[in-house]
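*Asks:* Sharing work19.txt here; it has compact mmCIF, C-alpha atoms.
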# COMPACT_ATOMS: atom_id res chain seq x y z
CA MET W 1 0.00 0.00 0.00
CA GLY W 2 1.39 3.42 -0.91
CA SER W 3 2.17 5.92 1.84
CA ARG W 4 -0.72 8.17 0.83
CA GLU W 5 -3.34 5.42 0.74
CA LEU W 6 -5.72 5.03 3.67
CA PRO W 7 -6.54 1.74 5.38
CA GLY W 8 -9.64 0.21 3.83
CA TYR W 9 -9.13 1.94 0.50
CA CYS W 10 -8.81 -1.37 -1.36
CA SER W 11 -12.02 -2.66 0.20
CA TYR W 12 -13.82 0.53 -0.79
CA THR W 13 -12.57 0.26 -4.35
CA LYS W 14 -13.65 -3.40 -4.50
CA ALA W 15 -17.17 -2.48 -3.36
CA ILE W 16 -17.45 0.25 -6.00
CA GLU W 17 -16.20 -2.09 -8.73
CA HIS W 18 -18.80 -4.72 -7.87
CA LEU W 19 -21.78 -2.54 -6.92
CA GLY W 20 -21.16 0.88 -8.44
CA ASP W 21 -23.36 0.44 -11.52
CA ARG W 22 -26.84 1.95 -11.78
CA TRP W 23 -28.88 -1.13 -10.89
CA SER W 24 -27.16 -3.39 -8.35
CA LEU W 25 -27.89 -1.40 -5.21
CA LEU W 26 -31.45 -0.68 -6.39
CA ILE W 27 -32.05 -4.42 -6.73
CA VAL W 28 -30.67 -5.02 -3.25
CA ARG W 29 -32.87 -2.25 -1.88
CA GLN W 30 -36.05 -3.62 -3.50
CA LEU W 31 -35.45 -7.11 -2.14
CA GLY W 32 -34.55 -5.74 1.27
CA VAL W 33 -37.72 -3.65 1.56
CA PHE W 34 -40.28 -5.93 -0.12
CA GLY W 35 -38.86 -9.39 0.53
CA PRO W 36 -38.64 -12.15 -2.08
CA LEU W 37 -39.65 -11.02 -5.56
CA GLY W 38 -39.95 -12.87 -8.83
CA PHE W 39 -38.12 -11.73 -11.94
CA ASN W 40 -41.18 -10.03 -13.46
CA GLU W 41 -42.04 -8.38 -10.15
CA LEU W 42 -38.53 -6.96 -9.96
CA ILE W 43 -38.57 -5.59 -13.48
CA ARG W 44 -41.91 -3.87 -12.80
CA SER W 45 -40.95 -2.44 -9.42
CA LEU W 46 -37.49 -1.04 -10.16
CA PRO W 47 -37.51 2.74 -10.82
CA GLY W 48 -36.71 3.60 -14.40
CA GLN W 49 -36.64 1.05 -17.19
CA ILE W 50 -34.27 -1.86 -16.94
CA SER W 51 -34.06 -4.38 -19.77
CA ARG W 52 -34.58 -8.07 -19.05
CA SER W 53 -31.06 -8.89 -20.20
CA VAL W 54 -29.49 -6.31 -17.88
CA LEU W 55 -31.58 -7.47 -14.91
CA THR W 56 -30.58 -11.08 -15.60
CA GLU W 57 -26.89 -10.13 -15.67
CA ARG W 58 -27.12 -8.08 -12.48
CA LEU W 59 -28.94 -10.83 -10.59
CA ARG W 60 -26.32 -13.38 -11.63
CA ARG W 61 -23.57 -11.07 -10.42
CA LEU W 62 -25.31 -10.51 -7.08
CA GLU W 63 -25.77 -14.28 -6.70
CA THR W 64 -22.07 -14.80 -7.40
CA LEU W 65 -21.20 -12.20 -4.77
CA GLY W 66 -23.42 -13.98 -2.26
CA LEU W 67 -25.81 -11.04 -1.78
CA VAL W 68 -28.84 -12.62 -3.45
CA SER W 69 -30.14 -16.17 -3.66
CA ARG W 70 -32.85 -17.70 -5.82
CA GLU W 71 -35.49 -19.61 -3.91
CA GLY W 72 -37.36 -21.62 -6.52
CA SER W 73 -40.90 -20.37 -7.11
CA THR W 74 -40.62 -17.60 -4.50
CA GLY W 75 -38.09 -15.74 -6.63
CA TYR W 76 -35.04 -13.81 -5.48
CA ARG W 77 -34.24 -12.83 -1.92
CA LEU W 78 -31.41 -11.25 0.03
CA THR W 79 -28.95 -13.43 1.87
CA THR W 80 -27.64 -12.47 5.29
CA VAL W 81 -24.73 -10.80 3.51
CA GLY W 82 -27.07 -8.81 1.29
CA ALA W 83 -29.24 -7.77 4.23
CA GLY W 84 -26.14 -6.30 5.82
CA LEU W 85 -26.16 -3.62 3.12
CA MET W 86 -29.58 -2.22 4.08
CA PRO W 87 -28.36 0.11 6.87
CA VAL W 88 -25.74 1.44 4.45
CA LEU W 89 -28.40 2.12 1.81
CA SER W 90 -30.59 3.84 4.36
CA SER W 91 -27.74 6.14 5.32
CA LEU W 92 -26.95 6.81 1.65
CA ARG W 93 -30.57 7.77 1.01
CA GLY W 94 -30.61 10.19 3.92
CA TRP W 95 -27.39 11.82 2.75
CA ALA W 96 -28.68 12.14 -0.84
CA GLU W 97 -31.99 13.63 0.30
CA THR W 98 -30.11 16.26 2.29
CA TRP W 99 -27.25 17.19 0.01
CA LEU W 100 -27.75 16.15 -3.63
CA PRO W 101 -29.65 18.64 -5.84
CA ASP W 102 -32.57 17.49 -7.97
CA ASP W 103 -31.94 17.02 -11.69
CA PRO W 104 -34.85 18.48 -13.73
CA ALA W 105 -33.75 16.43 -16.74
CA MET W 106 -34.97 13.37 -14.83
CA VAL W 107 -38.54 14.33 -15.77
CA GLU W 108 -37.66 13.75 -19.42
CA ARG W 109 -35.40 10.78 -18.76
CA GLU W 110 -37.66 8.87 -16.35
CA PRO W 111 -41.14 10.46 -16.36
CA ASP W 112 -42.72 7.28 -14.97
CA VAL W 113 -40.68 7.63 -11.78
CA VAL W 114 -41.61 11.30 -11.36
CA LEU W 115 -45.30 10.52 -11.92
CA GLY W 116 -44.98 7.79 -9.32
CA TRP W 117 -43.58 10.28 -6.81
CA LEU W 118 -46.48 12.63 -7.52
CA ALA W 119 -48.90 9.75 -7.02
CA GLN W 120 -47.30 8.98 -3.67
CA ARG W 121 -47.99 12.53 -2.51
CA ALA W 122 -51.72 12.29 -3.24
CA ARG W 123 -53.75 12.47 -0.02
CA ALA W 124 -56.06 9.50 0.50
CA GLY W 125 -59.46 10.68 1.71
CA HIS W 126 -59.03 14.12 0.10
CA LEU W 127 -59.29 13.12 -3.55
CA PRO W 128 -62.28 13.85 -5.83
CA ALA W 129 -65.16 11.37 -5.92
CA GLU W 130 -65.03 11.27 -9.74
CA PRO W 131 -61.76 10.83 -11.62
CA VAL W 132 -59.77 13.96 -12.39
CA VAL W 133 -56.86 14.05 -14.84
CA LEU W 134 -53.95 16.40 -14.24
CA GLU W 135 -52.22 17.05 -17.56
CA PHE W 136 -48.66 18.33 -17.05
CA TRP W 137 -47.12 20.33 -19.88
CA PRO W 138 -43.56 21.50 -19.07
CA HIS W 139 -42.44 24.80 -20.53
CA GLU W 140 -39.28 23.23 -21.97
CA HIS W 141 -40.81 20.79 -24.46
CA PRO W 142 -44.13 19.69 -26.01
CA ARG W 143 -44.24 16.28 -24.32
CA ARG W 144 -47.05 15.89 -21.77
CA TYR W 145 -47.72 13.62 -18.82
CA TRP W 146 -50.94 12.67 -17.03
CA LEU W 147 -51.87 11.80 -13.46
CA VAL W 148 -55.30 10.34 -12.64
CA LEU W 149 -56.76 10.96 -9.19
CA GLN W 150 -59.94 9.51 -7.68
CA ASP W 151 -61.04 8.79 -4.15
CA GLY W 152 -60.78 5.10 -3.28
CA VAL W 153 -58.60 4.31 -6.31
CA ALA W 154 -54.79 4.16 -6.28
CA PRO W 155 -53.48 7.23 -8.18
CA TYR W 156 -51.69 6.38 -11.39
CA GLY W 157 -49.68 8.18 -14.03
CA CYS W 158 -49.91 7.84 -17.78
CA LEU W 159 -47.38 8.50 -20.51
CA THR W 160 -50.24 8.72 -23.02
CA ASP W 161 -53.54 10.55 -22.66
CA PRO W 162 -55.99 8.34 -20.69
CA LEU W 163 -58.83 9.85 -22.76
CA LEU W 164 -61.25 10.37 -19.88
CA ASP W 165 -63.99 13.01 -19.69
CA THR W 166 -62.39 16.25 -20.91
CA GLY W 167 -64.53 18.18 -18.42
CA ARG W 168 -62.50 16.53 -15.64
CA TYR W 169 -59.08 17.68 -16.86
CA VAL W 170 -56.87 20.25 -15.15
CA TYR W 171 -54.11 21.59 -17.40
CA VAL W 172 -50.90 22.32 -15.51
CA ARG W 173 -48.07 24.39 -16.99
CA CYS W 174 -44.73 24.69 -15.21
CA ALA W 175 -41.00 24.25 -15.62
CA LEU W 176 -39.41 20.82 -15.29
CA ALA W 177 -37.69 21.97 -12.10
CA THR W 178 -41.04 22.92 -10.56
CA LEU W 179 -42.64 19.62 -11.52
CA LEU W 180 -39.78 17.68 -9.97
CA ALA W 181 -39.84 19.82 -6.83
CA LEU W 182 -43.57 19.12 -6.41
CA ALA W 183 -43.00 15.40 -6.92
CA ARG W 184 -40.23 15.31 -4.33
CA GLY W 185 -42.17 17.40 -1.82
CA ARG W 186 -39.61 20.21 -1.89
CA GLN W 187 -42.28 22.66 -3.04
CA ASP W 188 -45.98 22.72 -2.28
CA TRP W 189 -48.89 23.42 -4.63
CA PRO W 190 -50.23 26.58 -2.95
CA GLY W 191 -46.79 28.17 -3.05
CA ALA W 192 -46.22 27.28 -6.70
CA LEU W 193 -49.62 28.69 -7.68
CA THR W 194 -49.08 31.83 -5.65
CA ASP W 195 -45.62 32.67 -6.97
CA GLY W 196 -46.62 31.93 -10.57
CA SER W 197 -44.17 29.09 -11.12
CA LEU W 198 -47.20 26.92 -11.93
CA THR W 199 -50.52 27.66 -13.60
CA ALA W 200 -53.63 25.47 -13.61
CA THR W 201 -56.48 25.93 -16.09
CA GLY W 202 -59.74 24.09 -16.64
CA VAL W 203 -62.92 23.91 -14.59
CA THR W 204 -62.55 26.60 -11.93
CA ASP W 205 -63.70 24.45 -9.02
CA LEU W 206 -61.28 21.65 -9.91
CA CYS W 207 -58.37 24.08 -10.30
CA ARG W 208 -59.15 25.59 -6.91
CA ARG W 209 -59.16 22.19 -5.23
CA VAL W 210 -55.89 20.83 -6.66
CA PRO W 211 -53.76 21.84 -3.61
CA GLU W 212 -56.13 19.87 -1.34
CA TRP W 213 -55.28 16.64 -3.15
CA PHE W 214 -51.57 16.59 -2.29
CA ALA W 215 -49.57 16.39 0.92
CA PRO W 216 -47.93 19.69 1.92
CA GLY W 217 -44.38 20.26 0.72
CA ALA W 218 -41.43 20.42 3.08
CA ALA W 219 -41.38 24.23 3.06
CA ALA W 220 -45.00 24.42 4.24
CA ILE W 221 -44.43 21.81 6.96
CA ASN W 222 -41.28 23.55 8.18
CA SER W 223 -43.01 26.91 8.35
CA ARG W 224 -45.59 25.44 10.73
CA SER W 225 -43.53 23.07 12.83
CA GLY W 226 -39.93 24.33 12.72
CA PRO W 227 -36.90 22.76 11.02
CA ALA W 228 -37.31 19.23 9.74
CA VAL W 229 -34.86 16.56 10.73
CA GLY W 230 -32.88 15.32 8.26
CA TYR W 231 -38.33 7.69 -2.43
CA GLU W 232 -42.97 2.83 -9.25
CA ASN W 233 -41.94 2.12 -12.31
CA GLY W 234 -44.55 2.05 -15.02
CA ASP W 235 -45.50 -0.25 -17.82
CA ALA W 236 -44.39 1.80 -20.77
CA SER W 237 -46.29 -0.43 -23.16
CA SER W 238 -49.60 0.51 -21.55
CA GLY W 239 -48.63 4.09 -20.78
CA ARG W 240 -49.84 3.63 -17.22
CA THR W 241 -47.64 4.11 -14.19
CA PRO W 242 -48.66 2.28 -10.99
CA MET W 243 -47.68 3.42 -7.51
CA PRO W 244 -43.89 3.34 -7.10
CA ARG W 245 -42.04 1.02 -4.80
CA MET W 246 -39.37 3.51 -3.81
What does this structure look like when you write it as structure tokens?

*Replies:*
Amino acid sequence: MGSRELPGYCSYTKAIEHLGDRWSLLIVRQLGVFGPLGFNELIRSLPGQISRSVLTERLRRLETLGLVSREGSTGYRLTTVGAGLMPVLSSLRGWAETWLPDDPAMVEREPDVVLGWLAQRARAGHLPAEPVVLEFWPHEHPRRYWLVLQDGVAPYGCLTDPLLDTGRYVYVRCALATLLALARGRQDWPGALTDGSLTATGVTDLCRRVPEWFAPGAAAINSRSGPAVGYENGDASSGRTPMPRM
């Protein structure tokens, strides 16, 4: 070991070499949170879009490393070694939430994930009795995204127009950064409407009620309770995004 190298450096490098790709730690996290999952369940639940061939390769690598085992019909599960990574992943998530800035380009790159985050922020018991469609149209490009809300039904996003009653649409215009901030809970709907970073058009009563349908953002919570102490992949073929498993 060179004089300027720290103890443990080689172990750190080895961990990065084996687990530093985009998917390996996400797979470990899914299995750690949700327990044994089959191959198709994994491919549906991972955020973003992973190909079947890539998932197969990553699972084989994790099995070789002893982090994951395959249990017949029950699918894949973490071994004791794999479970040992969960506290590390929890700490990594907390650090990222606190210090890493949001990337607005993620809305274009992985809109299904962002729609899933928005769906997670919908307030059960406060949603409209009849379905309402929020159509998001970012300022930066012509592509649009849709979120369907209805009381008693799990909110879901669509990458294509769900073609419901046009009288139940609310048309939302904002920047990608604003949309991502709303999805992550870093900004709240009343604030975005008030400062003009977001506009909502359509039936007046529905537009007025939109803020009621979502949990308050962090800024609104902090302003009431003091400083805070310091995560669904969709079926792209159907255009529908179920609740995320983040």

*Asks:* Write out as a PDB file with C-alpha atoms, keeping the file's coordinate frame each polymer residue whose atoms come within 12 Å of Asp205 in chain W, counting all atoms listed in the file; drop sequence neighbours fewer than 3 positions from it.

*Replies:*
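Now in result_31.pdb:
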ATOM      1  CA  PRO W 128     -62.280  13.850  -5.830  1.00  0.00           C
ATOM      2  CA  VAL W 132     -59.770  13.960 -12.390  1.00  0.00           C
ATOM      3  CA  GLY W 167     -64.530  18.180 -18.420  1.00  0.00           C
ATOM      4  CA  ARG W 168     -62.500  16.530 -15.640  1.00  0.00           C
ATOM      5  CA  TYR W 169     -59.080  17.680 -16.860  1.00  0.00           C
ATOM      6  CA  VAL W 170     -56.870  20.250 -15.150  1.00  0.00           C
ATOM      7  CA  ALA W 200     -53.630  25.470 -13.610  1.00  0.00           C
ATOM      8  CA  THR W 201     -56.480  25.930 -16.090  1.00  0.00           C
ATOM      9  CA  GLY W 202     -59.740  24.090 -16.640  1.00  0.00           C
ATOM     10  CA  ARG W 208     -59.150  25.590  -6.910  1.00  0.00           C
ATOM     11  CA  ARG W 209     -59.160  22.190  -5.230  1.00  0.00           C
ATOM     12  CA  VAL W 210     -55.890  20.830  -6.660  1.00  0.00           C
ATOM     13  CA  PRO W 211     -53.760  21.840  -3.610  1.00  0.00           C
ATOM     14  CA  GLU W 212     -56.130  19.870  -1.340  1.00  0.00           C
TER      15      GLU W 212
END

*Asks:* Find the residue from W:Thr199, W:Trp137, W:Tyr76, W:Ser24 that sits nearest to Glu41 in chain W; use all atoms listed in the file when measuring.

*Replies:*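 The answer is W:Tyr76, which sits nearest to Glu41 in chain W.
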
*Asks:* Enter the distance from CA of Ser69 in chain W to CA of Gly48 in chain W, in Å, rounded to one decimal.

*Replies:*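 Result for CA of Ser69 in chain W versus CA of Gly48 in chain W: 23.4 Å, one decimal.
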
*Asks:* Contacts of Val88 in chain W at 12 Å or less, counting only C-alpha atoms, minus same-chain residues fewer than 6 places along, as a compact mmCIF listing (two decimals) with C-alpha atoms, keeping the file's coordinate frame?

*Replies:*
# COMPACT_ATOMS: atom_id res chain seq x y z
CA LEU W 25 -27.89 -1.40 -5.21
CA VAL W 28 -30.67 -5.02 -3.25
CA ARG W 29 -32.87 -2.25 -1.88
CA GLY W 32 -34.55 -5.74 1.27
CA GLY W 82 -27.07 -8.81 1.29
CA GLY W 94 -30.61 10.19 3.92
CA TRP W 95 -27.39 11.82 2.75

*Asks:* Can you work out the spacing between CA of Tyr171 in chain W and CA of Phe136 in chain W in Å, to one decimal?

*Replies:* 6.4 Å

*Asks:* List the neighbours of Thr79 in chain W out to 9 Å using only C-alpha atoms; skip same-chain residues closer than 4 positions along the sequence, and give me the result as an NGL selection string.

*Replies:* :W and (66-69 or 83-84)

*Asks:* Write out the residues from the selection above, keeping C-alpha atoms, as a CSV table (one decimal), keeping the file's coordinate frame.

*Replies:*
chain,number,residue,atom,x,y,z
W,66,GLY,CA,-23.4,-14.0,-2.3
W,67,LEU,CA,-25.8,-11.0,-1.8
W,68,VAL,CA,-28.8,-12.6,-3.4
W,69,SER,CA,-30.1,-16.2,-3.7
W,83,ALA,CA,-29.2,-7.8,4.2
W,84,GLY,CA,-26.1,-6.3,5.8

*Asks:* Find the residue from W:Ser73, W:Leu115, W:Ala122, W:Thr166 that sits nearest to Leu147 in chain W; use all atoms listed in the file when measuring.

*Replies:*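 When distances to Leu147 in chain W are compared using all atoms listed in the file, the smallest one comes from W:Leu115.
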
*Asks:* Looking at all atoms listed in the file, which of W:Cys174, W:Leu180, W:Ala96, W:Leu62 is the one that sits closest to Glu140 in chain W?

*Replies:* W:Cys174

*Asks:* Out of W:Leu46, W:Trp213, W:Leu127, W:Leu118, which residue has the shortest atom-to-atom distance to Phe34 in chain W when counting all atoms listed in the file?

*Replies:* W:Leu46

*Asks:* Considering all atoms listed in the file, return as a ChimeraX atom specification whatever protein or nucleic-acid residues lie within 8 Å of Leu179 in chain W, sequence-local ones (same chain, fewer than 4 positions apart) excluded.

*Replies:* /W:107,138,174-175,183
